[in-house]
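Peer 1: Contents are mmCIF, C-alpha atoms; file name start-v2.cif:
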```cif
data_upload
loop_
_atom_site.label_atom_id
_atom_site.label_comp_id
_atom_site.auth_asym_id
_atom_site.auth_seq_id
_atom_site.Cartn_x
_atom_site.Cartn_y
_atom_site.Cartn_z
CA MET A 112 0.00 0.00 0.00
CA TYR A 113 1.10 3.56 -0.60
CA ASP A 114 0.34 6.81 1.22
CA VAL A 115 -1.77 8.46 -1.43
CA PHE A 116 -2.08 11.57 0.73
CA SER A 117 1.60 12.20 0.04
CA LEU A 118 1.13 12.35 -3.74
CA LYS A 119 2.17 15.57 -5.41
CA ASP A 120 -0.34 17.43 -7.56
CA PHE A 121 0.07 16.91 -11.30
CA ASN A 122 -1.55 17.80 -14.59
CA MET A 123 -1.63 16.05 -17.92
CA PRO A 124 -0.68 17.68 -21.25
CA GLU A 125 -3.18 19.89 -23.01
CA ASN A 126 -5.84 17.95 -24.95
CA PHE A 127 -5.19 14.77 -22.97
CA LEU A 128 -8.05 12.36 -23.73
CA TRP A 129 -9.93 10.94 -20.74
CA GLY A 130 -12.53 8.20 -20.84
CA SER A 131 -13.58 4.66 -20.05
CA GLY A 132 -14.94 1.60 -21.75
CA TYR A 133 -16.25 -1.95 -21.71
CA ALA A 134 -16.49 -4.96 -24.04
CA GLY A 135 -19.58 -6.29 -25.78
CA HIS A 136 -19.85 -9.77 -24.32
CA GLN A 137 -19.31 -8.45 -20.80
CA VAL A 138 -22.27 -6.07 -20.90
CA GLU A 139 -24.61 -6.66 -23.84
CA GLY A 140 -26.45 -9.78 -22.69
CA ASN A 141 -27.75 -12.76 -24.68
CA ASN A 142 -24.62 -12.80 -26.81
CA LYS A 143 -25.34 -16.40 -27.73
CA ASN A 144 -23.45 -17.18 -30.90
CA ASN A 145 -19.88 -17.23 -29.62
CA GLN A 146 -17.49 -19.63 -27.91
CA PHE A 147 -17.75 -18.02 -24.48
CA TRP A 148 -21.51 -18.43 -24.35
CA LYS A 149 -21.04 -22.09 -25.29
CA SER A 150 -18.56 -22.53 -22.42
CA GLU A 151 -21.02 -20.91 -20.05
CA GLU A 152 -23.82 -23.23 -21.17
CA GLU A 153 -21.51 -26.22 -20.72
CA GLY A 154 -20.91 -25.25 -17.10
CA LYS A 155 -17.26 -24.35 -17.56
CA THR A 156 -17.58 -20.95 -15.88
CA LEU A 157 -18.55 -19.91 -12.35
CA HIS A 158 -21.43 -17.82 -13.65
CA LYS A 159 -23.31 -17.38 -16.92
CA SER A 160 -23.39 -13.98 -18.58
CA GLY A 161 -27.14 -14.10 -19.25
CA LEU A 162 -28.41 -10.58 -19.73
CA ALA A 163 -25.18 -9.14 -18.23
CA CYS A 164 -25.84 -5.38 -17.96
CA ASN A 165 -28.45 -5.50 -20.73
CA SER A 166 -26.41 -2.91 -22.60
CA TYR A 167 -27.51 -4.11 -26.02
CA GLU A 168 -30.89 -2.65 -25.11
CA LEU A 169 -29.64 0.09 -22.79
CA PHE A 170 -26.73 1.47 -24.82
CA GLU A 171 -28.30 4.94 -24.83
CA THR A 172 -28.32 4.83 -21.03
CA ASP A 173 -24.61 4.01 -21.11
CA ILE A 174 -23.92 6.89 -23.49
CA ALA A 175 -25.76 9.27 -21.16
CA LEU A 176 -23.81 7.89 -18.19
CA ALA A 177 -20.44 8.42 -19.87
CA SER A 178 -21.46 11.95 -20.81
CA GLN A 179 -22.75 12.71 -17.30
CA LEU A 180 -19.42 11.61 -15.85
CA GLY A 181 -17.46 13.88 -18.18
CA HIS A 182 -15.82 11.17 -20.27
CA LYS A 183 -14.41 12.41 -23.56
CA ALA A 184 -13.72 8.97 -25.07
CA PHE A 185 -15.30 5.55 -24.85
CA ARG A 186 -13.97 2.17 -25.92
CA THR A 187 -16.23 -0.72 -26.81
CA SER A 188 -16.31 -3.69 -29.17
CA VAL A 189 -18.29 -4.75 -32.19
CA GLU A 190 -19.46 -8.32 -31.63
CA TRP A 191 -18.69 -10.31 -34.77
CA CYS A 192 -21.00 -13.09 -33.61
CA ARG A 193 -23.92 -10.66 -33.80
CA ILE A 194 -22.87 -9.27 -37.17
CA GLU A 195 -22.34 -12.70 -38.75
CA PRO A 196 -24.13 -15.25 -36.53
CA GLU A 197 -23.96 -17.89 -39.25
CA GLU A 198 -21.22 -18.29 -41.81
CA GLY A 199 -21.85 -15.88 -44.66
CA VAL A 200 -25.12 -14.61 -43.16
CA PHE A 201 -24.96 -10.98 -42.07
CA ASN A 202 -27.38 -9.33 -39.67
CA ALA A 203 -28.15 -5.83 -40.93
CA GLU A 204 -30.10 -5.00 -37.77
CA ALA A 205 -27.07 -5.76 -35.58
CA ALA A 206 -24.84 -3.66 -37.82
CA GLU A 207 -27.29 -0.78 -37.49
CA HIS A 208 -27.20 -1.17 -33.71
CA TYR A 209 -23.47 -0.39 -33.64
CA VAL A 210 -23.95 2.49 -36.06
CA ARG A 211 -26.54 3.99 -33.68
CA PHE A 212 -24.33 3.33 -30.66
CA PHE A 213 -21.28 5.01 -32.15
CA ALA A 214 -23.30 7.86 -33.65
CA GLY A 215 -24.87 8.44 -30.23
CA LEU A 216 -21.46 8.73 -28.60
CA LYS A 217 -20.35 11.20 -31.25
CA GLU A 218 -23.48 13.30 -30.73
CA LYS A 219 -22.41 13.69 -27.09
CA GLY A 220 -18.93 14.77 -28.15
CA ILE A 221 -17.38 11.47 -27.04
CA LYS A 222 -14.64 9.99 -29.20
CA VAL A 223 -15.11 6.35 -30.17
CA PHE A 224 -12.50 3.62 -29.73
CA ALA A 225 -13.85 0.61 -31.64
CA THR A 226 -12.46 -2.89 -31.10
CA MET A 227 -13.26 -5.36 -33.87
CA VAL A 228 -12.51 -8.54 -31.88
CA HIS A 229 -12.55 -8.49 -28.08
CA PHE A 230 -11.96 -12.16 -27.18
CA THR A 231 -15.21 -13.46 -28.70
CA PHE A 232 -15.61 -15.10 -32.12
CA PRO A 233 -18.65 -16.51 -33.90
CA LEU A 234 -19.06 -20.14 -32.94
CA TRP A 235 -18.83 -21.23 -36.57
CA PHE A 236 -15.48 -19.43 -36.90
CA CYS A 237 -14.15 -21.19 -33.78
CA GLU A 238 -15.22 -24.53 -35.17
CA LYS A 239 -13.01 -23.81 -38.18
CA GLY A 240 -10.02 -23.18 -35.90
CA SER A 241 -10.34 -19.44 -35.26
CA PHE A 242 -7.01 -17.59 -35.58
CA GLU A 243 -5.13 -20.87 -35.17
CA ASN A 244 -5.88 -21.62 -38.83
CA ILE A 245 -4.38 -19.05 -41.17
CA GLU A 246 -6.77 -20.21 -43.89
CA ASN A 247 -9.51 -18.45 -41.90
CA LEU A 248 -8.06 -15.05 -42.76
CA LYS A 249 -10.54 -14.79 -45.64
CA PHE A 250 -13.48 -14.93 -43.19
CA PHE A 251 -12.00 -12.15 -41.07
CA GLU A 252 -11.50 -10.03 -44.19
CA ARG A 253 -15.14 -10.58 -45.20
CA TYR A 254 -16.37 -9.50 -41.75
CA LEU A 255 -14.30 -6.31 -41.80
CA GLU A 256 -15.24 -5.46 -45.37
CA TYR A 257 -18.89 -5.65 -44.31
CA ILE A 258 -18.86 -3.72 -41.04
CA VAL A 259 -15.98 -1.24 -41.27
CA PRO A 260 -17.51 0.98 -44.02
CA LYS A 261 -20.73 1.22 -42.01
CA ILE A 262 -19.17 2.39 -38.75
CA ALA A 263 -16.12 4.24 -40.12
CA PRO A 264 -17.79 7.69 -40.11
CA TYR A 265 -18.15 7.47 -36.33
CA VAL A 266 -14.89 5.84 -35.22
CA ASP A 267 -11.98 7.97 -33.99
CA PHE A 268 -9.59 5.16 -32.98
CA TRP A 269 -9.51 1.52 -34.00
CA ASN A 270 -8.34 -1.62 -32.22
CA VAL A 271 -8.29 -4.54 -34.63
CA ILE A 272 -7.89 -7.20 -31.92
CA ASN A 273 -7.78 -7.10 -28.13
CA GLU A 274 -5.00 -8.78 -26.12
CA PHE A 275 -3.89 -11.69 -28.27
CA ASN A 276 -0.26 -11.61 -27.09
CA LEU A 277 -0.31 -13.65 -23.87
CA GLY A 278 0.00 -17.43 -23.41
CA ASN A 279 2.57 -19.90 -24.65
CA SER A 280 1.03 -23.35 -25.05
CA PRO A 281 1.61 -24.75 -28.57
CA LYS A 282 -2.01 -24.07 -29.47
CA ARG A 283 -1.83 -20.52 -28.10
CA VAL A 284 1.41 -19.78 -29.93
CA ASN A 285 -0.23 -20.69 -33.26
CA PHE A 286 -3.12 -18.40 -32.33
CA LYS A 287 -1.07 -15.37 -31.40
CA LEU A 288 1.49 -15.55 -34.20
CA ASN A 289 -1.31 -15.87 -36.75
CA ALA A 290 -3.09 -13.03 -34.97
CA VAL A 291 -0.23 -10.73 -35.97
CA LEU A 292 -1.14 -11.44 -39.60
CA PHE A 293 -4.85 -11.01 -38.91
CA HIS A 294 -4.04 -7.70 -37.24
CA ALA A 295 -1.98 -6.51 -40.20
CA ARG A 296 -4.67 -7.45 -42.71
CA GLY A 297 -7.25 -5.72 -40.53
CA TYR A 298 -5.12 -2.59 -40.44
CA HIS A 299 -4.96 -2.40 -44.22
CA ILE A 300 -8.69 -3.03 -44.68
CA ILE A 301 -9.62 -0.36 -42.14
CA LYS A 302 -7.30 2.12 -43.87
CA LYS A 303 -9.33 1.69 -47.08
CA TYR A 304 -12.29 3.28 -45.34
CA SER A 305 -10.93 5.42 -42.50
CA ASP A 306 -8.20 7.97 -41.81
CA ALA A 307 -8.49 7.39 -38.06
CA PRO A 308 -5.49 5.82 -36.30
CA VAL A 309 -5.40 2.03 -35.98
CA SER A 310 -3.77 -0.33 -33.48
CA SER A 311 -4.44 -3.55 -31.58
CA ALA A 312 -4.75 -3.49 -27.80
CA HIS A 313 -1.66 -5.08 -26.22
CA ALA A 314 -1.78 -6.69 -22.79
CA LEU A 315 1.47 -5.18 -21.58
CA LEU A 316 2.53 -7.20 -18.56
CA GLN A 317 5.78 -6.12 -16.95
CA TYR A 318 7.69 -9.26 -16.04
CA GLN A 319 10.02 -9.29 -13.03
CA PRO A 320 12.22 -12.06 -11.63
CA TYR A 321 10.78 -13.59 -8.46
CA ARG A 322 14.35 -13.72 -7.09
CA PRO A 323 15.80 -10.40 -8.34
CA TYR A 324 19.45 -11.52 -8.33
CA ASP A 325 18.97 -15.12 -9.48
CA ARG A 326 20.45 -15.70 -12.96
CA TRP A 327 17.83 -18.28 -13.89
CA ASP A 328 14.92 -16.07 -12.88
CA LYS A 329 16.46 -13.09 -14.69
CA ALA A 330 17.08 -15.09 -17.87
CA MET A 331 13.55 -16.52 -17.88
CA THR A 332 12.12 -13.06 -17.27
CA GLU A 333 13.76 -11.83 -20.45
CA PHE A 334 12.57 -14.98 -22.24
CA GLN A 335 8.99 -14.48 -21.04
CA ASP A 336 9.04 -10.84 -22.10
CA LEU A 337 10.25 -11.79 -25.59
CA ARG A 338 7.47 -14.35 -25.93
CA ASP A 339 4.61 -12.17 -24.71
CA ASN A 340 5.61 -8.61 -25.50
CA GLU A 341 8.63 -8.08 -27.69
CA PHE A 342 7.60 -10.49 -30.46
CA PHE A 343 4.72 -8.12 -31.29
CA PHE A 344 6.63 -4.86 -30.95
CA HIS A 345 9.45 -6.28 -33.09
CA ALA A 346 7.02 -7.50 -35.76
CA ILE A 347 5.36 -4.10 -36.02
CA ARG A 348 8.67 -2.25 -36.18
CA THR A 349 10.39 -4.55 -38.67
CA GLY A 350 7.84 -6.83 -40.36
CA GLU A 351 9.66 -9.85 -38.92
CA ILE A 352 7.98 -12.40 -36.64
CA VAL A 353 10.62 -13.93 -34.37
CA TYR A 354 9.61 -16.49 -31.77
CA PRO A 355 11.44 -19.21 -29.80
CA GLU A 356 11.61 -22.59 -31.54
CA ARG A 357 10.07 -21.14 -34.70
CA ASP A 358 11.75 -20.12 -37.92
CA ALA A 359 11.55 -16.37 -38.35
CA VAL A 360 9.08 -15.07 -40.93
CA PHE A 361 9.21 -11.73 -42.72
CA ASN A 362 6.03 -10.21 -44.12
CA LYS A 363 6.17 -6.64 -45.36
CA GLU A 364 2.41 -6.29 -44.79
CA ILE A 365 3.02 -6.31 -41.01
CA LYS A 366 5.53 -3.47 -40.74
CA ASP A 367 4.19 -0.19 -39.34
CA THR A 368 0.63 -1.46 -38.92
CA VAL A 369 0.01 0.48 -35.73
CA ASP A 370 -0.43 4.23 -35.69
CA PHE A 371 -0.36 4.36 -31.88
CA TRP A 372 0.47 1.91 -29.13
CA SER A 373 -2.75 0.74 -27.51
CA VAL A 374 -1.73 -0.36 -24.02
CA ASN A 375 -3.78 -2.42 -21.56
CA THR A 376 -1.79 -2.58 -18.33
CA TYR A 377 -2.62 -3.46 -14.74
CA VAL A 378 0.09 -5.26 -12.75
CA ARG A 379 3.42 -7.05 -13.07
CA GLY A 380 4.03 -10.74 -13.58
CA MET A 381 6.52 -12.57 -11.38
CA VAL A 382 8.77 -15.08 -13.16
CA ASP A 383 10.00 -18.16 -11.30
CA ALA A 384 12.43 -20.35 -13.26
CA ARG A 385 11.73 -23.22 -10.84
CA LYS A 386 8.17 -23.48 -12.14
CA ALA A 387 7.45 -25.27 -15.40
CA ASN A 388 5.03 -22.52 -16.44
CA LEU A 389 7.38 -19.81 -15.06
CA GLU A 390 4.53 -18.29 -13.06
CA GLY A 391 5.90 -16.99 -9.76
CA LYS A 392 3.71 -16.02 -6.86
CA ARG A 393 3.33 -12.47 -5.66
CA TYR A 394 5.23 -11.41 -2.59
CA ASP A 395 3.12 -11.91 0.50
CA HIS A 396 3.74 -8.35 1.69
CA LYS A 397 2.18 -7.01 -1.53
CA LEU A 398 -0.95 -9.17 -1.46
CA LEU A 399 -4.09 -7.03 -1.51
CA LYS A 400 -7.15 -9.25 -1.68
CA MET A 401 -9.77 -6.69 -2.64
CA ILE A 402 -12.58 -9.09 -3.64
CA LYS A 403 -13.91 -12.28 -2.05
CA ALA A 404 -12.23 -14.55 -4.58
CA ASP A 405 -8.77 -15.37 -5.87
CA PHE A 406 -7.97 -12.96 -8.67
CA TYR A 407 -4.91 -12.01 -10.65
CA LEU A 408 -5.00 -8.31 -9.71
CA GLU A 409 -4.25 -8.61 -6.01
CA GLU A 410 -1.65 -5.88 -5.75
CA MET A 411 -1.02 -2.31 -6.81
CA THR A 412 2.14 -1.73 -8.83
CA PRO A 413 1.82 1.73 -10.38
CA GLU A 414 5.55 1.71 -11.17
CA CYS A 415 4.80 -0.82 -13.92
CA MET A 416 3.26 2.10 -15.82
CA ILE A 417 6.64 3.80 -15.98
CA ALA A 418 8.43 0.61 -17.03
CA ASN A 419 5.83 -0.35 -19.62
CA LEU A 420 5.34 3.03 -21.22
CA GLY A 421 9.05 3.77 -21.25
CA ARG A 422 9.72 1.05 -23.82
CA LEU A 423 7.28 2.56 -26.34
CA ARG A 424 8.89 5.81 -27.43
CA ASP A 425 8.43 5.59 -31.18
CA LYS A 426 4.68 6.26 -31.41
CA PRO A 427 1.93 7.98 -29.43
CA ILE A 428 0.45 5.92 -26.59
CA TYR A 429 -3.14 5.58 -25.45
CA ILE A 430 -3.83 3.57 -22.30
CA THR A 431 -6.91 1.69 -23.44
CA GLU A 432 -7.35 -0.35 -20.24
CA ASN A 433 -6.32 0.19 -16.65
CA GLY A 434 -8.51 -0.40 -13.63
CA CYS A 435 -9.03 -1.82 -10.17
CA SER A 436 -11.26 -4.73 -9.15
CA CYS A 437 -12.42 -4.15 -5.58
CA ASP A 438 -15.47 -4.41 -3.34
CA ASP A 439 -14.47 -1.31 -1.34
CA ASP A 440 -14.58 1.63 -3.75
CA ARG A 441 -11.98 3.51 -1.70
CA PHE A 442 -9.31 1.19 -3.09
CA ARG A 443 -10.32 2.29 -6.58
CA ILE A 444 -9.77 5.94 -5.66
CA VAL A 445 -6.31 5.08 -4.33
CA TYR A 446 -5.56 3.02 -7.43
CA ILE A 447 -6.59 5.72 -9.89
CA ALA A 448 -4.56 8.37 -8.08
CA LEU A 449 -1.44 6.19 -7.92
CA TYR A 450 -1.54 4.94 -11.49
CA LEU A 451 -2.27 8.36 -12.95
CA SER A 452 0.62 9.76 -10.95
CA ALA A 453 2.82 7.12 -12.57
CA VAL A 454 1.45 8.05 -16.02
CA ALA A 455 2.30 11.71 -15.36
CA GLU A 456 5.81 10.67 -14.36
CA ALA A 457 6.20 8.59 -17.51
CA ILE A 458 5.18 11.63 -19.55
CA SER A 459 7.79 13.73 -17.73
CA LEU A 460 10.34 11.11 -18.77
CA GLY A 461 9.48 11.59 -22.44
CA CYS A 462 6.66 9.12 -23.12
CA ASP A 463 4.07 10.50 -25.54
CA VAL A 464 0.95 9.39 -23.64
CA ARG A 465 -2.11 11.09 -25.07
CA GLY A 466 -5.02 9.45 -23.31
CA TYR A 467 -6.27 7.21 -20.51
CA LEU A 468 -9.39 5.03 -20.55
CA TYR A 469 -10.40 3.62 -17.18
CA TRP A 470 -11.63 0.02 -17.26
CA ALA A 471 -14.54 -0.15 -16.83
CA ILE A 472 -17.33 2.36 -16.66
CA MET A 473 -19.47 -0.11 -14.69
CA ASP A 474 -19.41 -3.50 -13.03
CA ASN A 475 -20.06 -6.29 -15.52
CA PHE A 476 -19.49 -9.92 -16.42
CA GLU A 477 -15.78 -10.57 -15.98
CA TRP A 478 -15.26 -13.51 -18.37
CA GLY A 479 -16.85 -16.26 -16.29
CA SER A 480 -17.71 -14.50 -13.05
CA TYR A 481 -19.66 -11.59 -11.61
CA LEU A 482 -17.41 -11.40 -8.53
CA PRO A 483 -14.72 -9.00 -9.86
CA ARG A 484 -15.97 -5.42 -9.72
CA PHE A 485 -14.05 -2.97 -11.91
CA GLY A 486 -16.78 -0.40 -12.34
CA LEU A 487 -16.78 3.30 -11.66
CA CYS A 488 -20.49 2.62 -11.46
CA GLY A 489 -22.37 -0.25 -9.94
CA CYS A 490 -24.94 -2.22 -11.91
CA ASP A 491 -27.92 -3.98 -10.38
CA PHE A 492 -27.95 -7.18 -12.44
CA LYS A 493 -31.68 -7.62 -11.85
CA THR A 494 -33.02 -4.12 -12.52
CA PHE A 495 -29.97 -2.99 -14.58
CA GLU A 496 -29.90 0.34 -12.78
CA ARG A 497 -26.49 2.02 -13.07
CA THR A 498 -25.27 3.87 -9.96
CA PRO A 499 -22.08 5.98 -9.95
CA LYS A 500 -19.72 5.26 -7.06
CA PRO A 501 -17.62 7.92 -5.32
CA SER A 502 -14.70 6.92 -7.57
CA ALA A 503 -16.78 7.94 -10.60
CA TYR A 504 -17.09 11.49 -9.27
CA PHE A 505 -13.45 11.51 -8.17
CA TYR A 506 -12.45 10.60 -11.73
CA LYS A 507 -14.90 13.17 -13.12
CA GLU A 508 -13.15 15.94 -11.19
CA ILE A 509 -9.75 14.72 -12.36
CA ILE A 510 -11.03 14.99 -15.92
CA GLU A 511 -12.36 18.50 -15.30
CA ASN A 512 -9.03 19.50 -13.76
CA ASN A 513 -6.99 17.62 -16.40
CA GLY A 514 -5.03 16.27 -13.49
CA PHE A 515 -4.87 15.40 -9.82
CA ASN A 516 -4.61 17.45 -6.67
CA GLN A 517 -4.93 16.78 -2.99
CA LYS A 518 -8.07 18.89 -2.70
CA ILE A 519 -9.91 16.54 -5.04
CA LEU A 520 -8.55 13.46 -3.31
CA ARG A 521 -9.46 14.58 0.20
CA LYS A 522 -12.99 15.38 -0.93
CA TYR A 523 -13.56 11.70 -1.72
CA LEU A 524 -11.12 9.89 0.58
CA LYS A 525 -10.84 10.59 4.28
CA GLU A 526 -8.43 7.81 5.26
CA LEU A 527 -6.47 5.03 3.66
CA PRO A 528 -8.66 1.97 3.17
CA SER A 529 -7.85 -1.27 4.94
CA LEU A 530 -9.04 -4.82 4.42
CA GLY A 531 -9.42 -5.13 8.18
CA ILE A 532 -9.46 -8.40 10.08
#
```
Kindly return the structure encoded in the file as structure tokens.
Peer 2:
Amino acid sequence: MYDVFSLKDFNMPENFLWGSGYAGHQVEGNNKNNQFWKSEEEGKTLHKSGLACNSYELFETDIALASQLGHKAFRTSVEWCRIEPEEGVFNAEAAEHYVRFFAGLKEKGIKVFATMVHFTFPLWFCEKGSFENIENLKFFERYLEYIVPKIAPYVDFWNVINEFNLGNSPKRVNFKLNAVLFHARGYHIIKKYSDAPVSSAHALLQYQPYRPYDRWDKAMTEFQDLRDNEFFFHAIRTGEIVYPERDAVFNKEIKDTVDFWSVNTYVRGMVDARKANLEGKRYDHKLLKMIKADFYLEEMTPECMIANLGRLRDKPIYITENGCSCDDDRFRIVYIALYLSAVAEAISLGCDVRGYLYWAIMDNFEWGSYLPRFGLCGCDFKTFERTPKPSAYFYKEIIENNGFNQKILRKYLKELPSLGI
């Protein structure tokens, strides 16, 4: 824990873009034609998404909420499984839904970050091997050629794919290396219809050796970083896909296919060379169990912002995900203050960070469970009423101030939160 009351005041650069977001499957409800819904129906998840936040019906409520809270940008996904629920069969009504959603955001002066694939695929596409089968590229092209021209007038920033870079099983490696090619093809298709900047959201996990001075842990930390982070950055910068135990591949279509670095970052990953999967445990003194379940975000490491952003100095950066899962909203206030302070410090060190999107605007279905609560706003999953938490108003004042000061903090936080006994 940190003493947030000791933080110095700071401001972000002029025209810094503030906002929030969510993903389709986590909020829309009844998103039935994808692989996650199938897993839920097969009992492979703790909870079923069901109606989630009912945002497919209540998207105008969500637009009004974002506007009320002063957000200037909003990130969300187009659900391919709604657009093309059956192979080759397109749903014009679903396409029009996203047009109305994005147009509604624009009418409120909110910039749109559109993600074309956020974890979910049509079930028929998964049955063909998803991204693991490069022959499926033609189906991805067809989807983009259909939907991109329709929504392009309303999109300000594009993410082709969300977080494909993690995981190193043989099956996952096929997926993520092919995903680089899917990303590149998506970039070029989007550019046919839009001048807005394009990227793919990268899960930027800062790896650290569990034993800081152990040669094995240090070597495996570098290895893990190459496998999960650097392979993508290198491919974008050079057009070359390099990966352990694979022959390198050069494809000129890949080079320079991001216009900005889209960074999703939360915590660090500890690397333990004594573990077959290299996954080290967190230090006990850093454990912060903020929800009543085991979860991967059980610490605050704002310094990872400085480390992660500092390696991306060749293009503008937008932080497209960063947030805190907690039952006690006071932890979220602490988290936002700390991480934004680290962003401001990264900027002072020369990182060209141009925006920050808090994840997420409201509590939702967290990929198998309703227990994690990331929201600035609560959601009653029976009535679907959205209720801003104190952190939502804290963040609103930060946006209005284009920065942080102790006066704002002390208005919403009277003492450091504790998990108690």
Peer 1: What separation in Å, quoted to one decimal, exists between CA of Asp463 in chain A and CA of Gly514 in chain A?
Peer 2: 16.2 Å
Peer 1: Could you tell me which of A:Lys143, A:His313, A:His345, A:Lys261 comes closest to Asn419 in chain A if we count all atoms listed in the file?
Peer 2: A:His313
Peer 1: Exactly which residues make up the result of the PyMOL selection byres ((chain A and resi 427-442) around 6) on this file, given as a list of chain:residue names?
Peer 2: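 Against this file, the PyMOL selection byres ((chain A and resi 427-442) around 6) returns the residues A:Phe371, A:Trp372, A:Ser373, A:Val374, A:Asn375, A:Thr376, A:Tyr377, A:Met401, A:Ile402, A:Lys426, A:Arg443, A:Ile444, A:Val445, A:Asp463, A:Val464, A:Arg465, A:Gly466, A:Tyr467, A:Leu468, A:Tyr469, A:Trp470, A:Pro483, A:Arg484, A:Phe485.
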Peer 1: Calculate how many Å separate CA of Leu398 in chain A from CA of Gly380 in chain A, rounding to one decimal.
Peer 2: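 Computing the Euclidean distance for CA of Leu398 in chain A and CA of Gly380 in chain A yields 13.2 Å.
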Peer 1: My list of candidates is A:Val210, A:Ala134, A:Met123, A:Ile272. Which is closest to Val454 in chain A when distances are computed with all atoms listed in the file?
Peer 2: A:Met123
Peer 1: Select, from A:Asn279, A:Glu190, A:Ser131, A:Asn285, the residue with the minimum atom-to-atom distance to Ile221 in chain A, counting all atoms listed in the file.
Peer 2: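 That would be A:Ser131, the residue with the smallest distance to Ile221 in chain A.
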Peer 1: I need the residue nearest Ser529 in chain A from this list: A:Leu399, A:Leu460, A:Lys329, A:Tyr133. Use all atoms listed in the file for the distance.
Peer 2: A:Leu399
Peer 1: CA of His229 in chain A to CA of Gly479 in chain A: how many Å, to one decimal?
Peer 2: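 Straight-line distance from CA of His229 in chain A to CA of Gly479 in chain A works out to 14.8 Å.
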Peer 1: Leaving out Ala184 in chain A and any residue of its chain fewer than 6 positions from it, which residues lie within 10 Å of it when counting all atoms listed in the file, given as a count of residues only?
Peer 2: 19
